[in-house]
file protein19.cif (mmCIF, C-alpha atoms)
data_protein
loop_
_atom_site.label_atom_id
_atom_site.label_comp_id
_atom_site.auth_asym_id
_atom_site.auth_seq_id
_atom_site.Cartn_x
_atom_site.Cartn_y
_atom_site.Cartn_z
CA MET A 313 10.40 37.29 2.39
CA ALA A 314 6.62 36.94 2.00
CA LEU A 315 6.20 40.72 2.18
CA GLU A 316 8.87 41.19 -0.50
CA ARG A 317 7.03 38.76 -2.82
CA PHE A 318 3.80 40.65 -2.13
CA TRP A 319 5.38 43.89 -3.35
CA ASN A 320 7.17 42.28 -6.32
CA LEU A 321 3.85 41.15 -7.82
CA GLU A 322 3.52 44.70 -9.16
CA ARG A 323 6.67 44.19 -11.25
CA ILE A 324 5.36 41.24 -13.27
CA GLY A 325 5.94 41.99 -16.94
CA ILE A 326 8.07 45.09 -16.29
CA HIS A 327 11.32 43.19 -16.00
CA ALA A 328 11.97 40.42 -18.52
CA ALA A 329 12.52 37.01 -16.93
CA GLU A 330 16.01 35.71 -17.53
CA LYS A 331 16.43 32.14 -18.66
CA ASP A 332 18.34 29.99 -16.21
CA GLU A 333 20.74 28.14 -18.49
CA THR A 334 21.81 25.83 -15.65
CA ALA A 335 18.19 24.77 -15.03
CA ILE A 336 17.64 24.19 -18.75
CA GLU A 337 20.80 22.08 -18.98
CA TYR A 338 19.77 20.06 -15.91
CA LEU A 339 16.30 19.49 -17.38
CA GLN A 340 17.79 18.24 -20.66
CA ASN A 341 20.16 15.89 -18.84
CA TYR A 342 17.31 14.52 -16.71
CA GLN A 343 15.12 13.93 -19.76
CA ASP A 344 17.93 12.12 -21.59
CA ASN A 345 19.13 9.91 -18.73
CA PHE A 346 16.34 9.53 -16.16
CA ILE A 347 13.19 9.13 -18.27
CA SER A 348 12.37 6.14 -20.45
CA PHE A 349 9.27 5.16 -22.43
CA SER A 350 7.82 1.66 -22.62
CA ASP A 351 4.41 -0.04 -22.67
CA GLY A 352 2.66 3.25 -23.41
CA LYS A 353 3.95 5.12 -20.35
CA HIS A 354 6.91 7.24 -19.34
CA CYS A 355 9.00 5.90 -16.46
CA ALA A 356 11.06 8.30 -14.32
CA LYS A 357 13.82 7.90 -11.75
CA LEU A 358 13.94 10.03 -8.61
CA PRO A 359 16.63 12.74 -8.84
CA TRP A 360 18.69 11.88 -5.75
CA LYS A 361 21.23 14.37 -4.45
CA GLN A 362 24.74 13.07 -5.05
CA ASP A 363 25.94 13.81 -1.52
CA HIS A 364 22.76 13.09 0.44
CA GLN A 365 22.88 11.46 3.86
CA SER A 366 21.86 7.85 4.27
CA LEU A 367 18.05 7.74 4.22
CA PRO A 368 16.64 5.87 7.25
CA SER A 369 13.61 3.60 6.93
CA SER A 370 11.42 5.72 9.27
CA TYR A 371 9.51 2.49 9.96
CA GLY A 372 8.65 3.26 13.59
CA VAL A 373 7.55 6.87 13.24
CA THR A 374 5.52 6.10 10.10
CA LYS A 375 3.77 3.16 11.76
CA ARG A 376 2.87 5.27 14.81
CA ARG A 377 1.58 8.15 12.69
CA THR A 378 -0.45 5.80 10.50
CA GLU A 379 -2.06 4.21 13.56
CA ALA A 380 -2.87 7.67 14.95
CA ASN A 381 -4.33 8.68 11.57
CA ILE A 382 -6.55 5.59 11.49
CA LYS A 383 -7.74 6.32 15.03
CA ARG A 384 -8.78 9.85 13.97
CA LEU A 385 -10.47 8.58 10.82
CA SER A 386 -12.37 5.96 12.82
CA GLU A 387 -14.23 8.73 14.63
CA ASP A 388 -16.14 9.31 11.37
CA PRO A 389 -16.89 5.97 9.63
CA PHE A 390 -17.98 7.76 6.44
CA ILE A 391 -14.64 9.57 6.09
CA LEU A 392 -12.75 6.36 6.90
CA GLN A 393 -14.67 4.60 4.14
CA LYS A 394 -13.86 7.36 1.62
CA TYR A 395 -10.21 7.29 2.66
CA ALA A 396 -10.09 3.52 2.15
CA GLN A 397 -11.78 3.85 -1.24
CA ILE A 398 -9.04 6.24 -2.40
CA ILE A 399 -6.34 3.73 -1.46
CA GLU A 400 -8.32 0.90 -3.08
CA GLU A 401 -8.54 2.92 -6.29
CA LEU A 402 -4.81 3.62 -6.21
CA GLU A 403 -4.15 -0.12 -6.05
CA ARG A 404 -6.80 -1.00 -8.63
CA ARG A 405 -5.36 1.44 -11.15
CA GLY A 406 -1.83 0.19 -10.59
CA PHE A 407 -0.47 3.31 -8.90
CA ILE A 408 0.50 1.40 -5.73
CA GLU A 409 1.07 -2.29 -5.00
CA LYS A 410 1.15 -4.53 -1.93
CA VAL A 411 4.58 -5.60 -0.71
CA ALA A 412 4.75 -9.27 0.24
CA LYS A 413 6.35 -10.07 3.61
CA GLU A 414 8.92 -12.33 1.99
CA PHE A 415 9.92 -9.68 -0.57
CA GLN A 416 13.60 -8.77 -0.29
CA PRO A 417 14.30 -5.24 -1.56
CA SER A 418 17.51 -4.64 -3.46
CA GLN A 419 17.46 -0.89 -2.78
CA GLN A 420 16.99 1.30 0.30
CA VAL A 421 13.64 1.12 2.10
CA HIS A 422 11.81 4.18 3.38
CA TYR A 423 8.26 4.60 4.73
CA ILE A 424 6.12 7.71 4.24
CA PRO A 425 3.29 8.77 6.61
CA HIS A 426 0.02 9.99 5.17
CA HIS A 427 -3.05 11.75 6.49
CA GLY A 428 -6.28 13.26 5.21
CA ALA A 429 -7.08 16.84 4.25
CA LYS A 430 -10.66 18.00 3.83
CA LYS A 431 -11.94 18.91 0.38
CA ASP A 432 -14.94 21.00 -0.57
CA SER A 433 -16.54 18.14 -2.51
CA LEU A 434 -19.54 15.90 -1.92
CA THR A 435 -18.14 12.92 -3.84
CA THR A 436 -14.57 13.08 -2.46
CA PRO A 437 -14.63 15.02 0.83
CA ILE A 438 -11.05 14.09 1.69
CA ARG A 439 -7.73 13.75 -0.11
CA LEU A 440 -4.55 11.99 0.89
CA VAL A 441 -1.46 14.00 1.84
CA TYR A 442 1.92 12.26 1.85
CA ASP A 443 4.49 13.68 4.26
CA CYS A 444 7.78 13.24 2.42
CA SER A 445 9.38 15.69 4.86
CA CYS A 446 8.90 13.33 7.81
CA ARG A 447 12.12 12.62 9.72
CA GLN A 448 12.88 9.54 11.80
CA ALA A 449 14.72 11.80 14.25
CA ARG A 450 15.61 15.49 14.37
CA GLU A 451 19.10 14.86 12.99
CA SER A 452 17.94 12.36 10.34
CA PRO A 453 17.18 13.38 6.76
CA SER A 454 13.72 13.09 5.25
CA LEU A 455 13.01 11.79 1.76
CA ASN A 456 12.69 15.38 0.53
CA ASP A 457 16.07 16.24 2.06
CA CYS A 458 17.67 13.56 -0.12
CA LEU A 459 16.01 14.63 -3.38
CA GLU A 460 16.88 17.50 -5.69
CA SER A 461 14.39 20.36 -5.56
CA THR A 462 15.17 21.87 -8.95
CA PRO A 463 12.64 24.59 -9.86
CA THR A 464 10.15 23.65 -12.54
CA ILE A 465 10.40 25.58 -15.81
CA LEU A 466 6.82 26.77 -16.23
CA ASN A 467 5.12 28.97 -18.79
CA ASP A 468 4.48 32.53 -17.69
CA LEU A 469 1.11 32.56 -15.98
CA THR A 470 0.20 36.14 -16.90
CA ALA A 471 1.07 35.59 -20.56
CA MET A 472 -1.05 32.44 -20.58
CA LEU A 473 -4.12 34.25 -19.25
CA LEU A 474 -3.64 37.05 -21.78
CA ARG A 475 -3.38 34.57 -24.67
CA PHE A 476 -6.44 32.79 -23.31
CA ARG A 477 -8.43 36.02 -23.83
CA THR A 478 -6.93 36.83 -27.24
CA HIS A 479 -9.04 34.78 -29.67
CA GLN A 480 -12.75 34.14 -29.98
CA TYR A 481 -12.82 30.42 -29.13
CA ALA A 482 -11.40 29.51 -25.73
CA VAL A 483 -10.71 25.95 -24.55
CA VAL A 484 -9.80 24.62 -21.09
CA THR A 485 -8.76 21.12 -20.03
CA ASP A 486 -6.56 19.37 -17.48
CA ILE A 487 -4.66 16.10 -17.13
CA GLU A 488 -6.36 13.53 -14.90
CA LYS A 489 -4.08 12.29 -12.09
CA ALA A 490 -1.09 13.62 -14.00
CA PHE A 491 1.58 12.70 -11.43
CA LEU A 492 0.29 9.17 -10.91
CA ASN A 493 0.35 8.45 -14.63
CA VAL A 494 4.14 8.71 -14.65
CA SER A 495 5.63 5.35 -13.67
CA LEU A 496 8.29 5.27 -10.95
CA HIS A 497 11.48 3.33 -11.69
CA GLU A 498 11.69 -0.06 -9.98
CA ASN A 499 14.84 0.92 -8.04
CA ASP A 500 13.04 3.84 -6.35
CA ARG A 501 9.78 2.20 -5.38
CA ASP A 502 10.89 0.86 -1.99
CA SER A 503 11.74 4.41 -0.95
CA THR A 504 8.03 5.25 -1.18
CA ARG A 505 6.44 2.65 1.08
CA LEU A 506 3.35 3.29 3.18
CA PHE A 507 1.12 1.46 5.65
CA TRP A 508 -2.61 0.84 5.49
CA LEU A 509 -5.19 -1.49 7.01
CA SER A 510 -5.37 -5.06 5.77
CA ASN A 511 -9.15 -4.77 6.20
CA PRO A 512 -10.46 -1.17 6.09
CA ASN A 513 -13.80 -2.32 7.51
CA ASP A 514 -12.06 -3.14 10.78
CA PRO A 515 -9.73 -0.40 12.14
CA GLU A 516 -8.32 -2.94 14.61
CA ASN A 517 -6.89 -5.10 11.83
CA PRO A 518 -3.09 -5.23 11.35
CA LEU A 519 -1.33 -2.93 8.92
CA ILE A 520 0.07 -4.07 5.60
CA THR A 521 2.69 -2.45 3.40
CA PHE A 522 2.22 -0.81 0.02
CA ARG A 523 4.70 0.96 -2.22
CA PHE A 524 4.23 3.43 -5.04
CA LYS A 525 4.60 2.33 -8.65
CA ALA A 526 3.98 5.90 -9.79
CA VAL A 527 5.30 9.36 -8.98
CA LEU A 528 3.52 10.54 -5.85
CA PHE A 529 2.38 14.11 -5.32
CA GLY A 530 4.18 15.24 -2.18
CA ALA A 531 7.83 14.68 -3.01
CA THR A 532 9.72 17.93 -3.54
CA CYS A 533 10.82 16.83 -7.01
CA SER A 534 7.41 15.65 -8.26
CA PRO A 535 6.43 18.87 -10.12
CA PHE A 536 9.84 18.89 -11.83
CA ILE A 537 9.47 15.22 -12.87
CA LEU A 538 5.98 15.77 -14.28
CA ASN A 539 7.09 18.84 -16.20
CA ALA A 540 10.13 17.02 -17.61
CA VAL A 541 8.02 14.05 -18.71
CA LEU A 542 5.31 16.17 -20.35
CA LEU A 543 7.81 18.33 -22.22
CA LYS A 544 9.70 15.25 -23.41
CA HIS A 545 6.50 13.61 -24.62
CA LEU A 546 5.49 16.72 -26.55
CA GLN A 547 8.97 17.01 -28.02
CA MET A 548 8.88 13.36 -29.10
CA ASN A 549 5.63 14.08 -30.94
CA SER A 550 6.44 17.56 -32.23
CA TYR A 551 5.12 16.59 -35.68
CA VAL A 552 1.57 16.74 -34.24
CA ASN A 553 0.15 20.27 -34.49
CA ALA A 554 -1.43 20.05 -31.03
CA ALA A 555 1.98 19.41 -29.44
CA ASP A 556 3.09 23.03 -29.92
CA THR A 557 -0.20 24.34 -28.53
CA LEU A 558 0.01 22.09 -25.46
CA LYS A 559 3.64 23.03 -24.82
CA ARG A 560 2.82 26.74 -25.00
CA ASP A 561 -0.44 26.58 -23.00
CA LEU A 562 0.49 24.04 -20.28
CA TYR A 563 0.78 25.08 -16.63
CA VAL A 564 1.56 22.06 -14.39
CA ASP A 565 -1.45 19.91 -15.38
CA ASP A 566 -3.83 22.63 -16.63
CA VAL A 567 -4.09 23.71 -20.27
CA LEU A 568 -5.61 27.03 -21.42
CA SER A 569 -5.89 27.78 -25.14
CA SER A 570 -7.74 30.05 -27.53
CA PHE A 571 -8.26 29.88 -31.29
CA ALA A 572 -9.35 32.33 -33.97
CA HIS A 573 -11.52 29.77 -35.76
CA GLU A 574 -13.93 27.18 -34.37
CA MET A 575 -12.57 24.41 -36.61
CA GLU A 576 -9.10 24.94 -35.12
CA ALA A 577 -10.51 24.35 -31.64
CA LEU A 578 -12.32 21.18 -32.73
CA THR A 579 -9.21 19.80 -34.47
CA TYR A 580 -7.12 20.61 -31.39
CA PHE A 581 -9.57 18.68 -29.17
CA ARG A 582 -9.17 15.52 -31.22
CA GLU A 583 -5.39 15.78 -31.72
CA ALA A 584 -4.62 16.69 -28.10
CA ARG A 585 -6.75 13.86 -26.70
CA ASP A 586 -5.12 11.29 -28.99
CA LEU A 587 -1.60 12.61 -28.42
CA MET A 588 -1.77 12.50 -24.61
CA THR A 589 -3.48 9.10 -24.61
CA THR A 590 -0.39 7.58 -26.27
CA ALA A 591 1.47 8.20 -22.98
CA GLY A 592 -1.34 7.14 -20.65
CA PHE A 593 -2.52 10.69 -19.92
CA ASN A 594 -6.21 11.52 -20.04
CA LEU A 595 -7.22 15.09 -20.92
CA ARG A 596 -10.49 15.56 -19.04
CA SER A 597 -12.75 18.38 -17.78
CA TRP A 598 -12.97 20.03 -21.19
CA MET A 599 -14.82 23.32 -21.35
CA SER A 600 -15.22 25.82 -24.17
CA ASN A 601 -17.43 28.69 -25.24
CA THR A 602 -18.21 26.83 -28.48
CA PRO A 603 -21.18 24.45 -28.15
CA ARG A 604 -19.76 22.12 -30.81
CA LEU A 605 -16.67 21.34 -28.72
CA ARG A 606 -18.80 20.87 -25.61
CA GLU A 607 -20.92 18.36 -27.55
CA LEU A 608 -17.78 16.44 -28.58
CA ALA A 609 -16.52 16.37 -24.99
CA GLU A 610 -19.95 15.26 -23.71
CA ALA A 611 -20.00 12.40 -26.23
CA GLU A 612 -16.60 11.19 -25.01
CA GLY A 613 -17.43 11.60 -21.31
CA CYS A 614 -14.81 14.27 -20.65
CA LEU A 615 -16.92 17.44 -20.36
CA ASP A 616 -16.66 19.65 -17.28
CA HIS A 617 -20.25 20.00 -16.05
CA ASP A 618 -19.50 22.77 -13.52
CA THR A 619 -21.21 26.09 -14.26
CA ILE A 620 -18.03 27.96 -13.39
CA THR A 621 -14.63 26.61 -14.43
CA LYS A 622 -11.51 27.30 -12.37
CA VAL A 623 -8.82 28.81 -14.60
CA LEU A 624 -5.44 29.12 -12.87
CA GLY A 625 -7.00 30.44 -9.69
CA MET A 626 -9.59 32.58 -11.46
CA ARG A 627 -13.19 31.75 -12.38
CA TRP A 628 -14.40 31.45 -15.98
CA GLN A 629 -17.98 31.23 -17.20
CA ALA A 630 -17.65 29.69 -20.65
CA VAL A 631 -21.10 30.49 -22.03
CA THR A 632 -20.82 34.22 -21.29
CA TYR A 633 -17.00 34.21 -21.63
CA ASP A 634 -16.64 36.09 -18.34
CA LEU A 635 -13.43 35.87 -16.31
CA SER A 636 -13.89 36.79 -12.66
CA TYR A 637 -12.36 36.55 -9.21
CA ALA A 638 -13.26 34.14 -6.45
CA PRO A 639 -15.30 35.90 -3.75
CA LEU A 640 -13.22 36.95 -0.77
CA ASP A 641 -14.71 37.95 2.57
CA ILE A 642 -12.58 40.59 4.31
CA PRO A 643 -14.20 41.31 7.68
CA ALA A 644 -14.13 44.56 9.58
CA ILE A 645 -11.63 43.98 12.40
CA GLU A 646 -12.09 45.98 15.58
CA ASN A 647 -8.45 45.84 16.61
CA ALA A 648 -6.55 45.63 13.33
CA THR A 649 -2.83 44.93 13.34
CA LYS A 650 -0.17 45.13 10.66
CA ARG A 651 -0.24 41.34 10.52
CA SER A 652 -4.01 41.14 9.96
CA ILE A 653 -3.94 43.89 7.29
CA LEU A 654 -1.18 42.07 5.43
CA GLN A 655 -2.94 38.73 5.92
CA TYR A 656 -6.19 39.79 4.25
CA SER A 657 -4.75 42.08 1.57
CA SER A 658 -2.31 39.42 0.34
CA ARG A 659 -5.15 36.91 -0.08
CA ILE A 660 -6.34 38.75 -3.16
CA TYR A 661 -5.12 36.67 -6.10
CA ASP A 662 -4.72 38.91 -9.13
CA PRO A 663 -2.23 37.54 -11.70
CA LEU A 664 -3.35 40.01 -14.39
CA GLY A 665 -3.09 43.04 -12.10
CA LEU A 666 -6.61 44.20 -12.93
CA LEU A 667 -7.32 44.95 -9.27
CA SER A 668 -4.13 46.95 -8.74
CA PRO A 669 -5.99 50.30 -8.34
CA VAL A 670 -7.65 48.73 -5.30
CA THR A 671 -4.87 46.53 -3.88
CA VAL A 672 -2.27 49.29 -4.12
CA ARG A 673 -4.20 51.17 -1.42
CA ALA A 674 -3.55 48.29 1.00
CA LYS A 675 0.16 48.44 0.15
CA ILE A 676 0.24 52.21 0.71
CA LEU A 677 -1.48 51.67 4.05
CA MET A 678 1.17 49.07 4.98
CA GLN A 679 3.93 51.58 4.15
CA GLU A 680 2.30 54.32 6.21
CA ILE A 681 1.99 52.16 9.33
#
call {"tool": "encode", "arguments": {"input": "protein19.cif", "output": "structure tokens"}}
result
Amino acid sequence: MALERFWNLERIGIHAAEKDETAIEYLQNYQDNFISFSDGKHCAKLPWKQDHQSLPSSYGVTKRRTEANIKRLSEDPFILQKYAQIIEELERRGFIEKVAKEFQPSQQVHYIPHHGAKKDSLTTPIRLVYDCSCRQARESPSLNDCLESTPTILNDLTAMLLRFRTHQYAVVTDIEKAFLNVSLHENDRDSTRLFWLSNPNDPENPLITFRFKAVLFGATCSPFILNAVLLKHLQMNSYVNAADTLKRDLYVDDVLSSFAHEMEALTYFREARDLMTTAGFNLRSWMSNTPRLRELAEAEGCLDHDTITKVLGMRWQAVTYDLSYAPLDIPAIENATKRSILQYSSRIYDPLGLLSPVTVRAKILMQEI
């Protein structure tokens, strides 16, 4: 299946993508019946499968995995501290909340294990990963097994990158903590419980229970929920000029746009920021090849200070307007195999197909052997 996808990349743009009417109808129904708006935020319900098995609590396995995770983290006090700071921030910003011992849930209860994954960052060297596919036993369902995994209706990535290069003034931004800024319906919160230390400074302290008040990144339906919420918000505010631009240029939580005139880019900055703020979303990490927009973003504390900006997997240098590829080290292997050739050749990410004269040689080699 992976090899087939590797070959099919060459067909992007040759065959027109067909609209899935069933997916569009499901999206519309979800937006109408599962998403509400109050107190400046959108609130979403989890899309449960109608015939899903009874979801077990997974209390025991989650508790054991959390204790093992804390033991590993304790080997590096600095990483443990950073991990604890992430959870503290989640609680401070209202994304999770403590569950009192005397609290009696009215809905099903389910616990989710979490662990750390390293990041290439000095300020946040670790991120939290929530295992929503964890099963209490081999025959038991996981949270993801009980949720719909409807594909997200996304804008065409190649078309977005081409539009991004069309006009003189290019603008990039993304939504800060997009998933967490969608509230989770009260009836679904106890299905997203987790354990953490009552005192992070002492790994021997007892565990306490939290639950999510927001949509967590890790559930199979989370990208669909975010996409449905964002599209509904833009539709609700379609009278704002920036809404059409955002809808056209949005890919998950990244936005890539280009404008023929500088004033259009500056107006878009102001309108887009204000529009997304009305739903609790913060458009941050703004970058543009126009100094005037960079000055505006700097004044509002939302400028991306990186020299090179990541643009849908590619690298963009705003000042020179250069779009390039991330460096990839392909070593000379003494005893090459079909697996190793496929492994390294498929690592080349080329959504625009500009490297096809080179990458096609690897595919020809694969056919020959």
call {"tool": "closest_residue", "arguments": {"input": "protein19.cif", "among": "A:Asn647, A:Thr462, A:Gln393, A:Thr602", "to": "A:Thr334", "atoms": "all atoms listed in the file"}}
result
A:Thr462
call {"tool": "residues_near_point", "arguments": {"input": "protein19.cif", "point": "(-0.9, 1.1, -4.7)", "cutoff": "10 Å", "atoms": "all atoms listed in the file", "output": "ChimeraX atom specification"}}
result
/A:398-411,505-506,521-526
call {"tool": "resolve_selection", "arguments": {"input": "protein19.cif", "expression": "the PyMOL selection byres ((chain A and resi 457) around 12)", "output": "list in words"}}
result
Pro359, Trp360, Lys361, Gln362, Asp363, His364, Gln365, Ser366, Leu367, Pro368, Cys444, Ser445, Cys446, Arg447, Glu451, Ser452, Pro453, Ser454, Leu455, Asn456, Cys458, Leu459, Glu460, Ser461, Ala531, Thr532 and Cys533 of chain A
call {"tool": "residues_around", "arguments": {"input": "protein19.cif", "residues": "A:Ser386", "least_positions_apart": "5", "cutoff": "8 Å", "atoms": "all atoms listed in the file", "output": "list in words"}}
result
Ile391, Leu392 and Pro515 of chain A
call {"tool": "closest_residue", "arguments": {"input": "protein19.cif", "among": "A:Asp388, A:Asp556, A:Asp634, A:Glu516", "to": "A:Leu587", "atoms": "all atoms listed in the file"}}
result
A:Asp556
call {"tool": "closest_residue", "arguments": {"input": "protein19.cif", "among": "A:Lys431, A:Ala611, A:Ala674, A:Gln420", "to": "A:Tyr395", "atoms": "only C-alpha atoms"}}
result
A:Lys431
call {"tool": "atom_distance", "arguments": {"input": "protein19.cif", "atom1": "atom CA of A:Pro512", "atom2": "atom CA of A:Val373"}}
result
21.0 Å
call {"tool": "resolve_selection", "arguments": {"input": "protein19.cif", "expression": "the PyMOL selection byres ((chain A and resi 478) around 12)", "output": "list in words"}}
result
Ala471, Met472, Leu473, Leu474, Arg475, Phe476, Arg477, His479, Gln480, Tyr481, Ala482, Val483, Leu568, Ser569, Ser570, Phe571, Ala572, His573 and Tyr633 of chain A
